[in-house]
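As stored in upload.txt (compact mmCIF, C-alpha atoms and all ligand atoms):
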# COMPACT_ATOMS: atom_id res chain seq x y z
CA MET W 1 19.51 0.16 -15.41
CA LEU W 2 16.76 0.34 -12.79
CA THR W 3 16.42 -2.51 -10.29
CA ALA W 4 13.02 -4.20 -9.90
CA VAL W 5 12.47 -2.19 -6.71
CA GLN W 6 13.29 1.11 -8.45
CA GLN W 7 10.98 0.20 -11.34
CA ARG W 8 8.10 -0.39 -8.94
CA GLN W 9 8.83 2.90 -7.16
CA ALA W 10 8.87 4.75 -10.50
CA GLU W 11 5.60 3.09 -11.47
CA ASN W 12 4.07 4.21 -8.17
CA ARG W 13 5.10 7.81 -8.83
CA GLN W 14 3.85 7.85 -12.43
CA SER W 15 0.72 5.76 -12.58
CA PRO W 16 -2.10 5.22 -11.94
CA LYS W 17 -3.14 8.80 -12.49
CA LEU W 18 -5.56 9.27 -9.58
CA GLU W 19 -7.71 11.69 -11.56
CA ASN W 20 -10.67 11.30 -9.20
CA ILE W 21 -8.65 12.37 -6.14
CA ARG W 22 -8.11 16.07 -5.54
CA LYS W 23 -7.76 15.97 -1.78
CA LEU W 24 -6.55 13.20 0.49
CA VAL W 25 -6.56 13.08 4.29
CA VAL W 26 -3.96 10.69 5.76
CA ILE W 27 -4.03 9.91 9.48
CA GLY W 28 -0.70 8.48 10.60
CA CYS W 29 1.01 10.15 7.65
CA GLY W 30 4.38 10.20 9.47
CA GLY W 31 4.63 6.45 10.04
CA TYR W 32 6.21 3.73 7.97
CA ILE W 33 3.37 3.16 5.50
CA GLY W 34 2.42 6.86 5.48
CA SER W 35 5.94 7.93 4.58
CA HIS W 36 6.00 5.64 1.55
CA LEU W 37 2.50 6.66 0.49
CA LEU W 38 3.38 10.35 0.66
CA GLU W 39 6.58 9.73 -1.29
CA ALA W 40 4.49 8.25 -4.11
CA VAL W 41 1.62 10.73 -4.01
CA LEU W 42 3.16 14.14 -3.32
CA PRO W 43 4.99 14.52 -6.64
CA ARG W 44 1.52 14.43 -8.25
CA THR W 45 1.22 18.09 -7.46
CA GLN W 46 -2.49 18.22 -8.25
CA ILE W 47 -3.34 16.19 -5.13
CA GLU W 48 -3.67 18.14 -1.91
CA VAL W 49 -2.67 16.03 1.11
CA PHE W 50 -3.70 16.86 4.65
CA GLY W 51 -1.86 14.66 7.12
CA ALA W 52 -2.14 14.12 10.86
CA ASP W 53 0.59 12.58 13.01
CA PRO W 54 2.32 13.52 16.27
CA ILE W 55 5.69 12.37 14.88
CA THR W 56 7.08 13.43 11.51
CA SER W 57 10.72 12.31 11.57
CA LYS W 58 10.15 9.74 8.80
CA ILE W 59 8.78 12.42 6.45
CA GLU W 60 11.23 15.27 7.17
CA ASP W 61 12.29 15.36 3.51
CA LEU W 62 8.70 15.74 2.36
CA LEU W 63 7.49 18.42 4.74
CA ALA W 64 8.39 21.25 2.35
CA ALA W 65 6.15 19.89 -0.42
CA PRO W 66 3.72 22.65 -1.45
CA ASN W 67 0.76 20.27 -1.53
CA LEU W 68 1.26 18.88 1.99
CA ARG W 69 -0.12 20.26 5.24
CA VAL W 70 0.45 18.37 8.50
CA HIS W 71 -1.36 18.62 11.81
CA ARG W 72 0.83 17.32 14.64
CA GLY W 73 -1.40 15.52 17.09
CA TYR W 74 -2.90 12.21 18.18
CA LEU W 75 -6.28 11.03 17.00
CA ARG W 76 -7.49 10.93 20.61
CA GLN W 77 -7.01 14.70 21.04
CA HIS W 78 -10.12 16.88 20.60
CA GLU W 79 -8.12 19.47 18.72
CA THR W 80 -7.01 16.84 16.20
CA LEU W 81 -10.57 15.59 15.72
CA ASP W 82 -11.89 19.15 15.25
CA THR W 83 -9.20 19.91 12.69
CA LEU W 84 -9.84 16.62 10.91
CA GLU W 85 -13.57 17.15 10.69
CA GLU W 86 -13.07 20.34 8.73
CA GLU W 87 -10.58 18.69 6.38
CA ILE W 88 -12.59 15.48 5.96
CA SER W 89 -15.71 17.37 4.91
CA SER W 90 -13.95 18.35 1.67
CA ALA W 91 -11.79 15.23 1.13
CA ASP W 92 -12.18 12.67 -1.65
CA ALA W 93 -10.67 9.94 0.53
CA VAL W 94 -9.52 9.48 4.12
CA ILE W 95 -6.76 6.94 4.81
CA ASN W 96 -6.38 5.75 8.39
CA LEU W 97 -2.95 4.35 9.22
CA ALA W 98 -2.81 5.27 12.92
CA ALA W 99 -2.19 2.26 15.19
CA ILE W 100 -0.06 0.63 17.84
CA CYS W 101 0.95 -2.45 15.87
CA ASN W 102 3.91 -4.15 17.58
CA PRO W 103 3.11 -7.60 19.02
CA ALA W 104 5.43 -6.98 21.99
CA GLU W 105 2.93 -4.39 23.19
CA TYR W 106 -0.31 -6.38 22.81
CA ASN W 107 0.14 -8.35 26.06
CA THR W 108 2.16 -5.68 27.91
CA ARG W 109 0.09 -2.54 27.10
CA PRO W 110 -3.30 -4.08 26.28
CA LEU W 111 -5.31 -1.03 27.34
CA ASP W 112 -3.25 1.35 25.20
CA VAL W 113 -3.58 -1.11 22.33
CA ILE W 114 -7.36 -1.29 22.65
CA TYR W 115 -7.63 2.50 23.02
CA SER W 116 -5.42 3.13 20.04
CA ASN W 117 -6.95 0.57 17.72
CA PHE W 118 -10.61 0.95 18.60
CA LEU W 119 -11.58 3.76 20.95
CA ASP W 120 -9.34 6.43 19.40
CA SER W 121 -10.46 5.49 15.91
CA TYR W 122 -14.22 5.13 16.21
CA PRO W 123 -14.90 8.92 16.22
CA LEU W 124 -13.09 9.04 12.89
CA VAL W 125 -15.43 6.39 11.50
CA GLU W 126 -18.45 8.35 12.74
CA MET W 127 -17.08 11.52 11.17
CA CYS W 128 -16.55 9.85 7.79
CA SER W 129 -20.03 8.35 8.03
CA LYS W 130 -21.56 11.77 8.78
CA HIS W 131 -19.80 13.43 5.83
CA LYS W 132 -20.06 10.36 3.56
CA ALA W 133 -16.29 10.56 3.15
CA TRP W 134 -14.61 7.49 1.69
CA LEU W 135 -12.70 5.82 4.54
CA ILE W 136 -9.79 3.58 3.55
CA HIS W 137 -8.91 1.85 6.79
CA PHE W 138 -5.71 -0.13 7.28
CA SER W 139 -6.70 -3.04 9.50
CA THR W 140 -4.53 -6.15 9.89
CA SER W 141 -4.18 -9.75 8.81
CA GLU W 142 -4.23 -10.50 12.55
CA VAL W 143 -8.03 -10.27 12.47
CA TYR W 144 -7.87 -13.81 11.05
CA GLY W 145 -6.13 -14.94 14.25
CA ARG W 146 -4.97 -18.55 14.12
CA THR W 147 -5.72 -20.94 11.29
CA ILE W 148 -8.17 -23.83 11.58
CA ALA W 149 -5.24 -26.15 10.82
CA SER W 150 -3.39 -24.98 13.94
CA TYR W 151 -6.23 -26.21 16.14
CA LEU W 152 -6.42 -29.61 14.46
CA GLY W 153 -2.88 -30.70 15.31
CA GLU W 154 0.09 -31.56 13.11
CA ASN W 155 0.08 -32.16 9.37
CA ARG W 156 -3.17 -30.44 8.54
CA TYR W 157 -1.45 -27.93 6.31
CA ASP W 158 -1.87 -30.32 3.40
CA ASP W 159 -5.37 -28.89 2.94
CA PRO W 160 -5.26 -25.19 1.91
CA ALA W 161 -8.89 -24.79 2.98
CA LEU W 162 -7.68 -25.17 6.57
CA TYR W 163 -5.15 -22.38 6.51
CA GLU W 164 -5.60 -20.00 3.56
CA LEU W 165 -7.13 -16.64 4.39
CA ASP W 166 -10.08 -15.40 2.37
CA GLU W 167 -11.55 -11.97 3.04
CA SER W 168 -15.19 -13.12 2.99
CA THR W 169 -15.28 -16.72 4.08
CA THR W 170 -12.46 -17.45 6.57
CA PRO W 171 -13.59 -17.52 10.21
CA LEU W 172 -11.72 -15.18 12.56
CA ILE W 173 -10.27 -17.35 15.34
CA MET W 174 -8.70 -15.88 18.46
CA GLY W 175 -7.44 -17.41 21.68
CA PRO W 176 -8.82 -16.92 25.19
CA ILE W 177 -9.04 -13.52 26.91
CA GLN W 178 -6.04 -14.07 29.22
CA ASN W 179 -3.86 -14.47 26.15
CA GLN W 180 -3.71 -10.73 25.72
CA ARG W 181 -1.87 -11.01 22.44
CA TRP W 182 -5.35 -10.90 20.94
CA SER W 183 -6.16 -7.45 22.38
CA TYR W 184 -4.93 -5.93 19.13
CA ALA W 185 -6.60 -8.34 16.73
CA CYS W 186 -9.84 -8.07 18.64
CA ALA W 187 -9.82 -4.23 18.71
CA LYS W 188 -9.02 -4.17 15.00
CA GLN W 189 -11.79 -6.66 14.28
CA LEU W 190 -14.31 -4.63 16.25
CA LEU W 191 -13.35 -1.53 14.28
CA GLU W 192 -13.85 -3.45 11.04
CA ARG W 193 -17.30 -4.47 12.26
CA PHE W 194 -18.06 -0.88 13.31
CA ILE W 195 -17.08 0.38 9.85
CA TYR W 196 -19.15 -2.32 8.19
CA ALA W 197 -22.19 -1.50 10.34
CA HIS W 198 -21.90 2.18 9.37
CA TYR W 199 -21.75 1.11 5.74
CA ALA W 200 -24.81 -1.12 6.10
CA ASP W 201 -26.89 1.31 8.18
CA HIS W 202 -25.72 4.74 6.99
CA GLY W 203 -24.04 4.18 3.64
CA LEU W 204 -20.47 4.92 4.76
CA PRO W 205 -18.22 4.46 1.71
CA PHE W 206 -15.35 2.30 2.97
CA THR W 207 -12.47 0.08 1.96
CA ILE W 208 -10.59 -2.13 4.42
CA VAL W 209 -7.02 -3.23 3.78
CA ARG W 210 -5.61 -6.22 5.65
CA PRO W 211 -1.82 -5.95 5.39
CA LEU W 212 0.29 -9.09 5.50
CA ASN W 213 3.80 -8.18 6.67
CA PHE W 214 4.82 -5.17 4.59
CA PHE W 215 8.66 -5.10 4.63
CA GLY W 216 10.84 -2.20 3.57
CA PRO W 217 12.95 0.79 4.56
CA ARG W 218 11.84 2.81 7.60
CA MET W 219 9.89 -0.06 9.18
CA ASP W 220 9.89 0.23 12.98
CA TYR W 221 13.00 1.39 14.87
CA ILE W 222 16.23 -0.04 16.24
CA PRO W 223 16.18 -0.40 20.04
CA GLY W 224 18.79 1.77 21.72
CA ARG W 225 19.29 3.86 18.58
CA ASP W 226 16.03 5.51 17.65
CA GLY W 227 13.54 3.86 19.96
CA GLU W 228 13.11 1.61 22.97
CA GLY W 229 11.30 -1.69 23.29
CA THR W 230 10.86 -4.72 21.05
CA PRO W 231 9.99 -3.96 17.43
CA ARG W 232 8.69 -6.43 14.85
CA VAL W 233 10.80 -9.32 13.62
CA LEU W 234 12.55 -7.44 10.80
CA ALA W 235 13.97 -4.77 13.11
CA CYS W 236 14.71 -7.35 15.84
CA PHE W 237 16.86 -9.36 13.43
CA MET W 238 18.51 -6.21 12.03
CA ALA W 239 19.31 -4.97 15.53
CA ALA W 240 20.85 -8.35 16.43
CA LEU W 241 23.04 -8.29 13.31
CA MET W 242 24.14 -4.68 13.81
CA ASP W 243 24.76 -5.01 17.56
CA GLY W 244 26.49 -8.39 17.49
CA GLN W 245 23.74 -10.11 19.49
CA PRO W 246 22.19 -13.50 18.63
CA MET W 247 19.09 -13.44 16.39
CA GLN W 248 16.31 -14.90 18.49
CA LEU W 249 13.78 -17.41 17.20
CA VAL W 250 10.63 -17.35 19.26
CA ASP W 251 9.49 -20.91 20.03
CA GLY W 252 11.88 -22.28 17.43
CA GLY W 253 10.94 -19.91 14.57
CA HIS W 254 8.33 -22.27 13.09
CA ALA W 255 5.72 -19.54 12.53
CA ARG W 256 5.25 -18.63 8.88
CA ARG W 257 4.74 -15.24 7.32
CA THR W 258 4.32 -14.10 3.74
CA ILE W 259 6.42 -10.99 3.15
CA VAL W 260 5.33 -8.29 0.70
CA SER W 261 7.43 -5.31 -0.33
CA ILE W 262 6.18 -1.95 0.89
CA HIS W 263 6.36 -0.74 -2.74
CA ASP W 264 3.96 -3.46 -3.89
CA ALA W 265 1.70 -2.53 -0.96
CA ILE W 266 1.75 1.14 -1.95
CA ASN W 267 0.92 0.12 -5.51
CA ALA W 268 -2.17 -1.67 -4.19
CA THR W 269 -3.15 1.42 -2.20
CA LEU W 270 -2.84 3.66 -5.26
CA ARG W 271 -4.97 1.26 -7.28
CA ILE W 272 -7.62 1.36 -4.57
CA LEU W 273 -7.62 5.16 -4.76
CA GLU W 274 -7.91 5.04 -8.53
CA ASN W 275 -10.78 2.54 -8.54
CA ALA W 276 -13.28 3.98 -6.08
CA ASP W 277 -16.24 2.32 -7.77
CA ARG W 278 -14.69 -1.15 -7.48
CA ALA W 279 -12.92 -0.74 -4.15
CA GLN W 280 -15.74 0.71 -2.07
CA GLY W 281 -17.56 -1.72 0.21
CA VAL W 282 -14.69 -4.20 -0.15
CA ILE W 283 -12.05 -5.78 2.13
CA PHE W 284 -8.69 -6.54 0.51
CA ASN W 285 -5.84 -8.77 1.64
CA VAL W 286 -2.56 -7.17 0.56
CA GLY W 287 0.28 -9.68 0.67
CA ASN W 288 2.48 -11.92 -1.47
CA ARG W 289 1.83 -15.67 -1.64
CA ASN W 290 5.21 -16.33 -3.29
CA ASN W 291 7.23 -14.93 -0.40
CA GLU W 292 6.37 -17.33 2.41
CA VAL W 293 9.07 -18.14 4.97
CA THR W 294 9.33 -19.57 8.45
CA MET W 295 10.99 -17.18 10.90
CA ALA W 296 13.96 -19.58 11.00
CA GLU W 297 14.29 -19.27 7.21
CA LEU W 298 13.94 -15.49 7.46
CA ALA W 299 16.85 -15.36 9.92
CA GLU W 300 18.97 -17.45 7.53
CA HIS W 301 18.17 -15.17 4.58
CA MET W 302 18.85 -12.03 6.56
CA ARG W 303 22.23 -13.04 7.89
CA ARG W 304 23.33 -14.13 4.41
CA ILE W 305 22.18 -10.86 2.84
CA TYR W 306 23.72 -8.87 5.69
CA ALA W 307 27.05 -10.63 5.07
CA GLU W 308 26.84 -9.61 1.39
CA VAL W 309 25.90 -6.00 2.17
CA ALA W 310 28.55 -5.61 4.89
CA GLY W 311 31.15 -7.46 2.77
CA ASP W 312 31.96 -9.73 5.72
CA ASP W 313 31.41 -13.47 5.38
CA ALA W 314 31.49 -13.94 9.15
CA TYR W 315 27.86 -12.78 9.28
CA ARG W 316 26.82 -15.90 7.37
CA ASN W 317 27.31 -17.74 10.67
CA HIS W 318 25.88 -15.03 12.90
CA PRO W 319 24.54 -16.76 16.03
CA ILE W 320 20.88 -17.73 16.08
CA GLU W 321 19.26 -18.91 19.33
CA VAL W 322 15.87 -20.28 20.29
CA VAL W 323 13.88 -18.52 23.04
CA SER W 324 10.49 -19.25 24.52
CA ALA W 325 7.59 -16.90 23.80
CA ASP W 326 7.18 -16.33 27.55
CA ASP W 327 10.79 -15.19 27.86
CA PHE W 328 10.63 -13.03 24.73
CA TYR W 329 7.18 -11.44 24.98
CA GLY W 330 6.11 -12.21 28.55
CA GLU W 331 2.96 -13.96 29.66
CA GLY W 332 -0.10 -13.90 27.44
CA TYR W 333 1.52 -14.19 24.01
CA GLU W 334 0.14 -16.60 21.47
CA ASP W 335 1.23 -16.70 17.84
CA CYS W 336 -0.50 -16.59 14.49
CA ASP W 337 0.84 -19.78 12.93
CA ARG W 338 0.54 -19.02 9.23
CA ARG W 339 -0.76 -16.25 6.96
CA MET W 340 -1.36 -17.31 3.38
CA PRO W 341 -3.69 -14.78 1.77
CA HIS W 342 -6.18 -15.18 -1.04
CA LEU W 343 -5.36 -12.33 -3.41
CA GLU W 344 -7.86 -12.91 -6.23
CA ARG W 345 -10.00 -10.02 -5.09
CA ALA W 346 -7.22 -7.43 -5.42
CA GLU W 347 -6.22 -8.91 -8.75
CA THR W 348 -9.73 -9.00 -10.20
CA LEU W 349 -10.99 -5.67 -8.93
CA LEU W 350 -7.78 -3.62 -8.98
CA GLY W 351 -5.58 -5.44 -11.51
CA TRP W 352 -2.98 -5.66 -8.72
CA LYS W 353 -0.32 -8.30 -8.28
CA PRO W 354 2.77 -8.10 -6.09
CA VAL W 355 5.90 -8.29 -8.25
CA LEU W 356 8.89 -8.02 -5.90
CA THR W 357 10.54 -11.23 -4.71
CA LEU W 358 11.59 -12.03 -1.17
CA GLU W 359 15.23 -11.60 -2.18
CA GLU W 360 14.61 -8.17 -3.76
CA THR W 361 12.56 -7.05 -0.79
CA LEU W 362 15.03 -8.17 1.85
CA ARG W 363 18.00 -6.86 -0.10
CA GLU W 364 16.52 -3.37 -0.38
CA THR W 365 15.57 -3.39 3.29
CA VAL W 366 18.92 -4.64 4.63
CA ASP W 367 20.71 -2.14 2.35
CA TYR W 368 18.63 0.67 3.82
CA TYR W 369 19.26 -0.32 7.44
CA TYR W 370 22.96 -0.74 6.80
CA ASP W 371 23.24 2.68 5.10
CA HIS W 372 21.04 4.38 7.63
CA TYR W 373 22.35 2.98 10.90
CA VAL W 374 25.83 1.55 10.24
CA LYS W 375 27.27 3.86 7.61
CA ASN W 376 25.52 6.92 8.99
CA PRO W 377 25.05 6.36 12.73
CA ALA W 378 23.97 9.96 13.28
CA ALA W 379 20.69 8.92 11.66
CA GLY W 380 19.99 7.02 14.85
CA GLN W 381 19.00 10.32 16.43
CA ILE W 382 15.52 10.34 14.90
CA ALA W 383 12.50 9.68 17.10
CA ALA W 384 10.64 6.39 16.72
CA GLY W 385 7.34 6.20 14.85
CA GLU W 386 5.17 3.38 13.62
C1 LIG S 1 2.57 -7.92 13.20
C2 LIG S 1 1.31 -7.13 13.55
O1 LIG S 1 0.71 -7.61 14.70
C3 LIG S 1 0.31 -7.11 12.45
O2 LIG S 1 -0.70 -6.20 12.73
C4 LIG S 1 0.89 -6.69 11.19
O3 LIG S 1 -0.09 -6.80 10.17
C5 LIG S 1 2.06 -7.54 10.89
O4 LIG S 1 3.02 -7.51 11.96
C6 LIG S 1 2.72 -6.98 9.69
O5 LIG S 1 3.86 -6.53 9.76
O6 LIG S 1 2.04 -6.95 8.67
P1 LIG S 1 3.54 -10.38 13.31
O7 LIG S 1 3.85 -10.83 11.91
O8 LIG S 1 3.17 -11.48 14.26
O9 LIG S 1 2.35 -9.31 13.27
O10 LIG S 1 4.77 -9.58 13.93
P2 LIG S 1 6.32 -9.79 14.01
O11 LIG S 1 6.79 -9.09 15.24
O12 LIG S 1 6.97 -9.34 12.76
O13 LIG S 1 6.54 -11.36 14.28
C7 LIG S 1 6.57 -12.30 13.27
C8 LIG S 1 7.03 -13.63 13.85
O14 LIG S 1 8.41 -13.53 14.23
C9 LIG S 1 6.32 -14.13 15.10
O15 LIG S 1 6.18 -15.51 15.00
C10 LIG S 1 7.27 -13.79 16.23
O16 LIG S 1 7.11 -14.62 17.34
C11 LIG S 1 8.60 -14.01 15.55
N1 LIG S 1 9.77 -13.27 16.09
C12 LIG S 1 9.70 -11.94 16.35
C13 LIG S 1 10.98 -13.95 16.26
O17 LIG S 1 11.07 -15.17 16.03
N2 LIG S 1 12.07 -13.26 16.69
C14 LIG S 1 12.04 -11.93 16.95
O18 LIG S 1 13.10 -11.37 17.33
C15 LIG S 1 10.82 -11.25 16.78

Target encoding structure tokens, full file:
Amino acid sequence: MLTAVQQRQAENRQSPKLENIRKLVVIGCGGYIGSHLLEAVLPRTQIEVFGADPITSKIEDLLAAPNLRVHRGYLRQHETLDTLEEEISSADAVINLAAICNPAEYNTRPLDVIYSNFLDSYPLVEMCSKHKAWLIHFSTSEVYGRTIASYLGENRYDDPALYELDESTTPLIMGPIQNQRWSYACAKQLLERFIYAHYADHGLPFTIVRPLNFFGPRMDYIPGRDGEGTPRVLACFMAALMDGQPMQLVDGGHARRTIVSIHDAINATLRILENADRAQGVIFNVGNRNNEVTMAELAEHMRRIYAEVAGDDAYRNHPIEVVSADDFYGEGYEDCDRRMPHLERAETLLGWKPVLTLEETLRETVDYYYDHYVKNPAAGQIAAGE
């Protein structure tokens, strides 16, 4: 019998039918989201996919697909832009997934972050605008910044209006300039505004997706195995469990995130592709309201599930320690306190609802990491991608 995760994956491969899409351009096709998207789309042999990415280790198994062509290069390279322009002029949709999106880099590499998330991407927006190509841009829930409740002091979370995130009405609140954590959110927000202005002034067909913590296999990298640095929380906790180090809770682990399975997120993306008439000109939150956890709760869940997967009860008491944000990220970090998305828009316009629970999502993900890195350590040779 298929698990809930396998059922969702099968659904993604079989339906919706995507009859209006003959050719798709995917920038960042070799990253985490791109690899799952290609896995769902490529078996539909009628769709031609042109991908661009400098790193393809996460899609090695897909590279032989007859309907996939990949250009290896960064968006900032002239050669990549020239190649893309030709491909975009005949594409039914262009999906932009390219980004530096690890919080540890926002305050330590702010210029690279701003280049990557705004300056490298704006020529792509202009190109889509010129050719009237439908741009589906993956932005971020970080454009919302901090909630109103977080500025009003304790106990204001009793009023959802002060913390829930609505695509059209919630103000976007970021901290001061010296808190460089916001370099990413700000660059992403400016690109959203740039896309919107092209839509308003030149009729650019666009859709913006604001992801809220997509979890699943192939997310990020494990430091010291297939990458260096500090990845996002999932890979940090996995690395701690695998390497026998304490799981670290930044500032006590009080921040909250809603976790959505990558397979639910891919389902939303496919529904966007299938519903061009309803999805164009629209911004969608893609998340799961039912899967909210504090980072402290996430650590608890992950060590329990890891103990089950590894068959070793000792992991249930794996050490957890509290660290300050300054020690963990360095100066200039500030956190998003809570991300509870409104999802009515995706449900009404696309008929989309996330179906996978936190337990199912974490179980699949921990299983993958354990198989990939512990049972098969040679897999740790692959290069890191996003
Ligand atoms: C990141 C990106 O900035 C977003 O663009 C993206 O949309 C989002 O991930 C996502 O995956 O959708 P964030 O959720 O803040 O945002 O990134 P994480 O690194 O996963 O951090 C989540 C929380 O865990 C933060 O409160 C962080 O301080 C905490 N954390 C992180 C720990 O407590 N311990 C760690 O080892 C790492």

Within 9 Å of (-3.0, 0.2, 3.1) (coordinates as in the file), grab all the protein and nucleic acid residues, counting all atoms listed in the file, and write them out as a PDB file with C-alpha atoms, keeping the file's coordinate frame.
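Heads up, here's the output in out.pdb:
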ATOM      1  CA  ILE W  33       3.370   3.160   5.500  1.00  0.00           C
ATOM      2  CA  GLY W  34       2.420   6.860   5.480  1.00  0.00           C
ATOM      3  CA  LEU W  37       2.500   6.660   0.490  1.00  0.00           C
ATOM      4  CA  ILE W  95      -6.760   6.940   4.810  1.00  0.00           C
ATOM      5  CA  ASN W  96      -6.380   5.750   8.390  1.00  0.00           C
ATOM      6  CA  LEU W  97      -2.950   4.350   9.220  1.00  0.00           C
ATOM      7  CA  ILE W 136      -9.790   3.580   3.550  1.00  0.00           C
ATOM      8  CA  HIS W 137      -8.910   1.850   6.790  1.00  0.00           C
ATOM      9  CA  PHE W 138      -5.710  -0.130   7.280  1.00  0.00           C
ATOM     10  CA  SER W 139      -6.700  -3.040   9.500  1.00  0.00           C
ATOM     11  CA  ILE W 208     -10.590  -2.130   4.420  1.00  0.00           C
ATOM     12  CA  VAL W 209      -7.020  -3.230   3.780  1.00  0.00           C
ATOM     13  CA  ARG W 210      -5.610  -6.220   5.650  1.00  0.00           C
ATOM     14  CA  PRO W 211      -1.820  -5.950   5.390  1.00  0.00           C
ATOM     15  CA  ALA W 265       1.700  -2.530  -0.960  1.00  0.00           C
ATOM     16  CA  ILE W 266       1.750   1.140  -1.950  1.00  0.00           C
ATOM     17  CA  ALA W 268      -2.170  -1.670  -4.190  1.00  0.00           C
ATOM     18  CA  THR W 269      -3.150   1.420  -2.200  1.00  0.00           C
ATOM     19  CA  VAL W 286      -2.560  -7.170   0.560  1.00  0.00           C
TER      20      VAL W 286
END

Q | Which residue of W:Lys375, W:Arg338, W:Arg363, W:Arg304 approaches ligand LIG 1 (chain S) most closely, using only C-alpha atoms and all ligand atoms | A |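 The shortest atom-to-atom distance to ligand LIG 1 (chain S) comes from W:Arg338.
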
Q.
Could you list, as a ChimeraX atom specification, all residues that come within 7 Å of ligand LIG 1 (chain S)? Count only C-alpha atoms and all ligand atoms.
A. /W:101-103,140-142,211-214,231-234,236-237,247-250,253,255-257,295,325,335-336

Q | Exercise: W:Gly153 partners within 12 Å, only C-alpha atoms, chain neighbours under 6 positions left out, as a list in words | A |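 Within the cut-off, the hits are Thr147, Leu162 and Asp337 of chain W.
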
Please provide as a PDB file with C-alpha atoms, keeping the file's coordinate frame all residues within 8 Å of W:Glu167, with the sequence filter that same-chain residues fewer than 5 positions apart are discarded (counting all atoms listed in the file).
ATOM      1  CA  ILE W 283     -12.050  -5.780   2.130  1.00  0.00           C
ATOM      2  CA  PHE W 284      -8.690  -6.540   0.510  1.00  0.00           C
ATOM      3  CA  ASN W 285      -5.840  -8.770   1.640  1.00  0.00           C
ATOM      4  CA  HIS W 342      -6.180 -15.180  -1.040  1.00  0.00           C
TER       5      HIS W 342
END

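The two atoms in question, atom CA of W:Asp277 and atom CA of W:Asp201, are spaced 19.2 Å apart.
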
Q: Tell me which protein, DNA and RNA residues are within 8 Å of W:Thr365, counting only C-alpha atoms, leaving out same-chain ones fewer than 4 positions away, and put them as an NGL selection string.
A: :W and (215-217 or 361 or 369)

Q.
Using only C-alpha atoms for the distances, tell me which of W:Asp61, W:Glu360, W:Glu105, W:Glu347 is nearest to W:Ile272.
A. W:Glu347

Selection near stretch 193-196 of chain W, 9 Å with only C-alpha atoms, sequence-local residues under 3 positions removed, as a CSV table (one decimal) with C-alpha atoms, in the frame of the given file:
chain,number,residue,atom,x,y,z
W,122,TYR,CA,-14.2,5.1,16.2
W,125,VAL,CA,-15.4,6.4,11.5
W,126,GLU,CA,-18.4,8.4,12.7
W,129,SER,CA,-20.0,8.4,8.0
W,135,LEU,CA,-12.7,5.8,4.5
W,137,HIS,CA,-8.9,1.8,6.8
W,188,LYS,CA,-9.0,-4.2,15.0
W,189,GLN,CA,-11.8,-6.7,14.3
W,190,LEU,CA,-14.3,-4.6,16.2
W,199,TYR,CA,-21.8,1.1,5.7
W,200,ALA,CA,-24.8,-1.1,6.1
W,201,ASP,CA,-26.9,1.3,8.2
W,204,LEU,CA,-20.5,4.9,4.8
W,206,PHE,CA,-15.4,2.3,3.0
W,208,ILE,CA,-10.6,-2.1,4.4
W,281,GLY,CA,-17.6,-1.7,0.2

Q.
For a quick check of understanding, using all atoms listed in the file, which of W:Ala235, W:Ile114, W:Leu270, W:Leu81 has the smallest distance to W:Ala299?
A. W:Ala235

Kindly compute an axis-aligned box around the listed atoms of stretch 41-52 of chain W, allowing 6 Å on each side, and express its centre and edge lengths in Å to one decimal as AutoDock Vina command-line options.
--center_x 0.6 --center_y 14.5 --center_z 1.3 --size_x 20.7 --size_y 19.5 --size_z 31.1

Q: Fewer than 4 positions away in the same chain doesn't count, so skip those; otherwise give me all residues within 12 Å of W:Thr56, counting all atoms listed in the file, as a ChimeraX atom specification.
A: /W:27-32,34-35,38,51-52,60-63,69-73,382-386

Show me the residues around (-9.6, 8.2, 22.9) - criterion: an atom at most 6 Å away, all atoms listed in the file counted - as a PDB file with C-alpha atoms, in the coordinates of the input.
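What landed in out37.pdb:
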ATOM      1  CA  ARG W  76      -7.490  10.930  20.610  1.00  0.00           C
ATOM      2  CA  LEU W 119     -11.580   3.760  20.950  1.00  0.00           C
ATOM      3  CA  ASP W 120      -9.340   6.430  19.400  1.00  0.00           C
TER       4      ASP W 120
END

Q. By how many Å are atom CA of W:Arg8 and atom CA of W:Val355 apart?
A.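 Distance between the two atoms: 8.2 Å.
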
Q | Top pick for closest residue to W:Asp243, considering W:Val374, W:Leu18, W:Val41, W:Val113 and counting all atoms listed in the file | A |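 Nearest to W:Asp243: W:Val374.
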
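Take atom CA of W:Leu68 and atom CA of W:Glu86: the distance between them is 15.9 Å.
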
Q: Go through W:Tyr373, W:Tyr315, W:Tyr157, W:Tyr106 and flag the residue nearest W:Ala185, using only C-alpha atoms for the distances.
A: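 Of W:Tyr373, W:Tyr315, W:Tyr157, W:Tyr106, the one nearest W:Ala185, counting only C-alpha atoms, is W:Tyr106.
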
**Q.** Nearest residue to W:Leu191 from the set W:Ile148, W:Val143, W:Val366, W:Ala65 (distances using all atoms listed in the file)
**A.** W:Val143
